[in-house]
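query01.txt, holding compact mmCIF, C-alpha atoms (C1' of nucleotides):
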# COMPACT_ATOMS: atom_id res chain seq x y z
CA MET Y 185 2.03 30.15 1.81
CA GLU Y 186 2.11 27.18 -0.47
CA ILE Y 187 -0.90 24.94 -0.41
CA ARG Y 188 1.34 21.98 0.43
CA ALA Y 189 2.53 23.79 3.53
CA VAL Y 190 -1.05 24.57 4.53
CA LEU Y 191 -1.92 20.90 4.36
CA ALA Y 192 1.29 19.88 6.09
CA GLN Y 193 0.71 22.27 8.95
CA ASN Y 194 -2.96 21.41 9.46
CA LEU Y 195 -2.31 17.72 9.13
CA LYS Y 196 0.45 17.65 11.70
CA LYS Y 197 -1.38 19.88 14.12
CA CYS Y 198 -4.68 18.01 13.96
CA ARG Y 199 -2.95 14.65 14.17
CA GLN Y 200 -0.99 15.62 17.25
CA LEU Y 201 -4.01 17.24 18.85
CA ARG Y 202 -5.72 13.87 18.62
CA GLY Y 203 -2.70 12.11 20.06
CA LEU Y 204 -2.09 10.03 16.98
CA SER Y 205 1.28 8.91 15.63
CA GLN Y 206 1.90 9.00 11.90
CA GLU Y 207 1.61 5.24 11.92
CA GLU Y 208 -1.74 5.20 13.69
CA LEU Y 209 -3.13 7.80 11.32
CA ALA Y 210 -1.75 5.87 8.38
CA HIS Y 211 -3.57 2.78 9.51
CA ARG Y 212 -6.84 4.58 10.11
CA ALA Y 213 -6.70 6.36 6.77
CA ASP Y 214 -5.38 3.29 4.95
CA ILE Y 215 -2.43 5.24 3.60
CA ASP Y 216 1.27 4.43 3.69
CA ARG Y 217 3.05 5.76 6.77
CA THR Y 218 6.08 7.12 4.95
CA TYR Y 219 3.78 8.95 2.60
CA ILE Y 220 2.10 10.76 5.46
CA SER Y 221 5.54 11.65 6.71
CA SER Y 222 6.27 13.07 3.27
CA LEU Y 223 3.08 15.09 3.25
CA GLU Y 224 3.96 16.68 6.58
CA ARG Y 225 7.29 17.65 5.03
CA CYS Y 226 5.73 19.14 1.87
CA VAL Y 227 7.35 16.59 -0.42
CA TYR Y 228 4.25 15.94 -2.49
CA ALA Y 229 1.06 17.68 -3.57
CA ALA Y 230 -1.55 15.21 -2.37
CA SER Y 231 -4.62 14.39 -4.41
CA ILE Y 232 -7.98 15.45 -3.04
CA GLU Y 233 -8.83 11.80 -2.47
CA VAL Y 234 -5.95 11.42 -0.04
CA VAL Y 235 -6.95 14.65 1.67
CA ASP Y 236 -10.45 13.27 2.04
CA GLN Y 237 -9.22 9.97 3.49
CA LEU Y 238 -7.04 11.80 5.99
CA ALA Y 239 -9.88 14.12 6.92
CA ARG Y 240 -12.21 11.21 7.61
CA ALA Y 241 -9.57 9.48 9.70
CA LEU Y 242 -9.27 12.69 11.70
CA ASP Y 243 -13.04 13.10 11.89
CA MET Y 244 -13.11 16.39 10.03
CA GLU Y 245 -13.81 17.81 6.58
CA ALA Y 246 -11.39 17.77 3.65
CA SER Y 247 -11.87 21.51 3.22
CA ASP Y 248 -10.72 22.06 6.81
CA LEU Y 249 -7.35 20.50 6.05
CA LEU Y 250 -6.79 23.07 3.31
CA GLN Y 251 -7.88 26.06 5.34
CA ARG Y 252 -5.34 28.83 5.43
CA THR Y 253 -5.05 30.26 8.92
CA PRO Y 254 -4.73 34.02 9.14
CA ALA Y 255 -1.90 34.88 11.50
CA ASP Y 256 -4.16 36.25 14.24
CA GLU Y 257 -6.85 33.59 14.12
CA PRO Y 258 -7.03 30.19 15.76
CA GLY Y 259 -6.16 27.18 13.64
CA VAL Y 260 -8.71 24.73 12.30
CA CYS Y 261 -8.06 22.26 15.09
CA GLU Y 262 -8.35 24.43 18.12
CA GLU Y 263 -11.38 24.71 20.31
CA THR Y 264 -12.77 28.19 20.83
CA MET M 4 -20.83 12.39 -2.04
CA GLU M 5 -17.43 11.69 -3.48
CA ILE M 6 -14.85 14.42 -3.06
CA ARG M 7 -14.36 14.49 -6.82
CA ALA M 8 -18.03 15.30 -7.27
CA VAL M 9 -17.81 18.05 -4.66
CA LEU M 10 -14.99 19.67 -6.58
CA ALA M 11 -16.72 19.13 -9.93
CA GLN M 12 -19.90 20.73 -8.71
CA ASN M 13 -18.26 23.72 -7.04
CA LEU M 14 -15.90 24.26 -9.93
CA LYS M 15 -18.61 24.30 -12.57
CA LYS M 16 -20.94 26.45 -10.53
CA CYS M 17 -18.34 29.04 -9.59
CA ARG M 18 -16.96 29.16 -13.09
CA GLN M 19 -20.37 29.75 -14.63
CA LEU M 20 -21.30 32.28 -11.99
CA ARG M 21 -18.32 34.30 -13.10
CA GLY M 22 -19.27 33.94 -16.75
CA LEU M 23 -16.12 32.05 -17.66
CA SER M 24 -15.80 29.32 -20.27
CA GLN M 25 -13.65 26.29 -19.52
CA GLU M 26 -11.13 27.71 -21.95
CA GLU M 27 -10.96 31.10 -20.28
CA LEU M 28 -10.56 29.51 -16.88
CA ALA M 29 -7.93 27.17 -18.26
CA HIS M 30 -5.95 30.13 -19.52
CA ARG M 31 -6.25 32.08 -16.29
CA ALA M 32 -5.28 29.07 -14.18
CA ASP M 33 -2.62 27.94 -16.63
CA ILE M 34 -4.14 24.48 -16.83
CA ASP M 35 -5.15 22.44 -19.85
CA ARG M 36 -8.74 22.98 -20.98
CA THR M 37 -9.57 19.33 -21.56
CA TYR M 38 -8.32 18.59 -18.11
CA ILE M 39 -10.72 21.08 -16.58
CA SER M 40 -13.45 19.44 -18.61
CA SER M 41 -12.40 16.13 -17.09
CA LEU M 42 -12.45 17.52 -13.58
CA GLU M 43 -16.00 18.77 -14.03
CA ARG M 44 -16.92 15.25 -15.06
CA CYS M 45 -15.18 13.58 -12.10
CA VAL M 46 -12.66 11.75 -14.27
CA TYR M 47 -9.66 12.51 -12.07
CA ALA M 48 -8.85 13.27 -8.45
CA ALA M 49 -7.03 16.58 -8.78
CA SER M 50 -3.97 17.39 -6.73
CA ILE M 51 -4.25 20.17 -4.20
CA GLU M 52 -1.93 22.27 -6.34
CA VAL M 53 -4.41 22.20 -9.20
CA VAL M 54 -7.23 23.02 -6.80
CA ASP M 55 -5.23 25.98 -5.56
CA GLN M 56 -4.50 27.25 -9.07
CA LEU M 57 -8.18 27.00 -9.98
CA ALA M 58 -9.20 28.73 -6.79
CA ARG M 59 -6.86 31.63 -7.44
CA ALA M 60 -8.13 31.95 -10.99
CA LEU M 61 -11.64 32.13 -9.56
CA ASP M 62 -10.58 34.55 -6.84
CA MET M 63 -11.46 32.23 -3.99
CA GLU M 64 -9.84 29.85 -1.54
CA ALA M 65 -8.84 26.27 -2.30
CA SER M 66 -10.78 25.08 0.73
CA ASP M 67 -13.94 26.65 -0.71
CA LEU M 68 -13.73 24.47 -3.78
CA LEU M 69 -13.82 21.37 -1.57
CA GLN M 70 -16.66 22.52 0.64
CA ARG M 71 -19.51 20.06 0.82
CA THR M 72 -22.84 21.87 0.61
CA PRO M 73 -25.55 20.66 2.98
CA ALA M 74 -28.80 20.21 1.07
CA ASP M 75 -30.54 23.15 2.69
CA GLU M 76 -27.71 25.63 2.58
CA PRO M 77 -26.49 27.93 -0.17
CA GLY M 78 -23.48 26.84 -2.19
CA VAL M 79 -20.04 28.33 -1.80
CA CYS M 80 -20.49 30.61 -4.78
CA GLU M 81 -23.78 32.25 -3.95
CA GLU M 82 -24.19 35.62 -2.40
CA THR M 83 -26.27 35.80 0.73
C1' DC S 16 -30.81 26.38 -41.41
C1' DG S 17 -25.68 28.09 -41.24
C1' DC S 18 -22.23 29.58 -38.17
C1' DA S 19 -19.54 30.20 -34.07
C1' DA S 20 -18.47 29.19 -29.42
C1' DT S 21 -18.29 25.80 -26.08
C1' DT S 22 -17.71 21.32 -24.33
C1' DG S 23 -17.00 16.05 -24.54
C1' DT S 24 -13.85 12.50 -25.63
C1' DA S 25 -9.99 9.55 -27.14
C1' DG S 26 -5.19 8.36 -27.17
C1' DA S 27 -0.20 8.82 -26.29
C1' DG S 28 3.36 10.40 -23.51
C1' DA S 29 5.57 13.10 -19.68
C1' DA S 30 5.33 14.10 -14.97
C1' DT S 31 4.27 13.14 -10.46
C1' DA S 32 1.73 10.87 -6.70
C1' DC S 33 1.70 6.84 -3.98
C1' DT S 34 3.34 2.12 -2.16
C1' DC S 35 6.66 -0.82 -0.22
C1' DC S 36 11.08 -2.07 1.16
C1' DG S 37 14.82 -0.84 4.33
C1' DT S 38 18.14 2.16 7.27
C1' DG S 39 19.29 5.36 10.71
C1' DG S 40 18.76 9.10 14.15
C1' DA S 41 16.70 11.36 18.45
C1' DG S 42 14.50 11.01 22.71
C1' DA S 43 12.62 8.59 26.74
C1' DA S 44 12.66 4.89 30.04
C1' DA S 45 14.61 0.66 32.16
C1' DT D 51 24.04 0.93 27.64
C1' DT D 52 20.01 -1.29 25.81
C1' DT D 53 15.45 -1.02 24.27
C1' DC D 54 11.43 1.11 22.50
C1' DT D 55 8.74 4.53 19.94
C1' DC D 56 8.46 7.86 16.70
C1' DC D 57 9.99 10.06 12.71
C1' DA D 58 13.19 11.44 8.58
C1' DC D 59 14.86 9.69 4.49
C1' DG D 60 16.40 6.87 0.27
C1' DG D 61 15.39 4.00 -3.74
C1' DA D 62 12.66 1.23 -6.87
C1' DG D 63 8.44 0.19 -8.84
C1' DT D 64 3.39 0.99 -9.80
C1' DA D 65 -0.52 3.91 -10.46
C1' DT D 66 -2.46 8.09 -11.51
C1' DT D 67 -2.52 12.79 -12.77
C1' DC D 68 -1.78 16.16 -16.27
C1' DT D 69 -0.49 17.91 -21.06
C1' DC D 70 -1.11 18.01 -25.87
C1' DT D 71 -3.29 17.04 -30.28
C1' DA D 72 -7.14 16.18 -32.81
C1' DC D 73 -11.91 15.54 -33.81
C1' DA D 74 -16.94 15.00 -32.69
C1' DA D 75 -21.05 16.61 -30.32
C1' DT D 76 -23.70 20.19 -28.42
C1' DT D 77 -25.61 24.63 -27.60
C1' DG D 78 -27.07 29.08 -28.80
C1' DC D 79 -27.65 32.83 -32.05
C1' DG D 80 -28.22 35.31 -36.57

Could I get this structure in the form of structure tokens?
Amino acid sequence: MEIRAVLAQNLKKCRQLRGLSQEELAHRADIDRTYISSLERCVYAASIEVVDQLARALDMEASDLLQRTPADEPGVCEET
Amino acid sequence: MEIRAVLAQNLKKCRQLRGLSQEELAHRADIDRTYISSLERCVYAASIEVVDQLARALDMEASDLLQRTPADEPGVCEET
DNA sequence: CGCAATTGTAGAGAATACTCCGTGGAGAAA
DNA sequence: TTTCTCCACGGAGTATTCTCTACAATTGCG
């Protein structure tokens, strides 16, 4: 799986789990809304600074957003 | 700690632990040597694609290279 | 010291991330 | 239908990453 897709998947999942719209997240992370939309569609390879901003807005670690989830394990956003 | 510094620190440590020079790593990751030098000095905020290439060249996960190390815990490269 | 390997650094240019504008579509509710 | 929210998507412009070339500084080793 491409690293872009890993980020896209984790980003979308964690955002939705927190009940945030792309626009709300954009505001909290101080990032353009359409850009977040692009990231969730794998259009760009984000810089680690953007990943860090998004992670902080989601109250998690940057490394968590890049975590590849083995098929039979829970994702980074789920509770145990 | 800035996310650039986290990457810089982990990158340098893991590279040295594997006995690789910047040039050898550059070749294995198919990335310019001077750019790796820059990353270890926090000059740029790498894209997640570069982080992934470096991680694969170091036989580890991209998320590991962005892991912040709590002061009293071992780094991502150390054995237990 | 002399030599070799490694790393720092500068500068120019290509490539790509990122912002900002706007438009339109899908779904839900009045 | 109309309205509202959310999201996909395009284009143009700016900012930054990333490559390449070349040379200087450093480190370690005989």

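Those residues of chain D that fall within 9 Å of chain Y when using only C-alpha atoms (C1' of nucleotides) read D:DC56, D:DC57, D:DA58, D:DT67.
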
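When C1' of DT69 (chain D) is paired with CA of Ile39 (chain M), their separation reads 11.6 Å.
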
Original post:
Neighbours of DT71 (chain D) within 12 Å (all atoms listed in the file; same-chain residues fewer than 6 positions away dropped), as a ChimeraX atom specification?
Top reply: /M:35,37 /S:25-28

Original post:
Please, what distance in Å, to one decimal, runs between CA of Arg71 (chain M) and C1' of DA65 (chain D)?
Top reply: 27.4 Å

**OP:** Could the residues of chain S within 8 Å of chain M, counting only C-alpha atoms (C1' of nucleotides), be given as a ChimeraX atom specification, please?
**Re:** /S:21-23

Could you save those same residues with C-alpha atoms (C1' of nucleotides) as a PDB file, in the coordinates of the input?
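File result01.pdb, as written:
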ATOM      1  C1'  DT S  21     -18.290  25.800 -26.080  1.00  0.00           C
ATOM      2  C1'  DT S  22     -17.710  21.320 -24.330  1.00  0.00           C
ATOM      3  C1'  DG S  23     -17.000  16.050 -24.540  1.00  0.00           C
TER       4       DG S  23
END

**OP:** Do me a favour and pick out the residues of chain Y within 9 Å of chain M, using only C-alpha atoms, as a ChimeraX atom specification.
**Re:** /Y:186-188,191,229-233,235-236,245-252

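C1' of DT64 (chain D) to C1' of DC36 (chain S) spans 13.7 Å [interatomic distance, one decimal].
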
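Of the listed residues (Y:Ile215, Y:Leu238, Y:Leu223, Y:Thr253), Y:Ile215 comes nearest to DT34 (chain S); the distances count all atoms listed in the file.
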
**OP:** Just the residues within 9 Å of region 41-45 of chain S, please, counting all atoms listed in the file, with nothing from its chain fewer than 2 positions along; format it as a ChimeraX atom specification.
**Re:** /D:52-55,57

Based on the selection just made, write C-alpha atoms (C1' of nucleotides) of those residues as a PDB file, in the coordinates of the input.
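Listing of part06.pdb after writing:
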ATOM      1  C1'  DT D  52      20.010  -1.290  25.810  1.00  0.00           C
ATOM      2  C1'  DT D  53      15.450  -1.020  24.270  1.00  0.00           C
ATOM      3  C1'  DC D  54      11.430   1.110  22.500  1.00  0.00           C
ATOM      4  C1'  DT D  55       8.740   4.530  19.940  1.00  0.00           C
ATOM      5  C1'  DC D  57       9.990  10.060  12.710  1.00  0.00           C
TER       6       DC D  57
END

Using all atoms of region 235-253 of chain Y listed in the file and a margin of 4 Å per side, can you give the axis-aligned box centre and edge lengths in Å to one decimal, as AutoDock Vina command-line options?
--center_x -9.4 --center_y 19.9 --center_z 6.8 --size_x 16.8 --size_y 28.8 --size_z 18.2

**OP:** May I have the protein, DNA and RNA residues with any atom at most 6 Å from the point (10.2, -1.3, -3.6), counting all atoms listed in the file, written as a PyMOL selection string?
**Re:** (chain S and resi 35-36) or (chain D and resi 62-63)
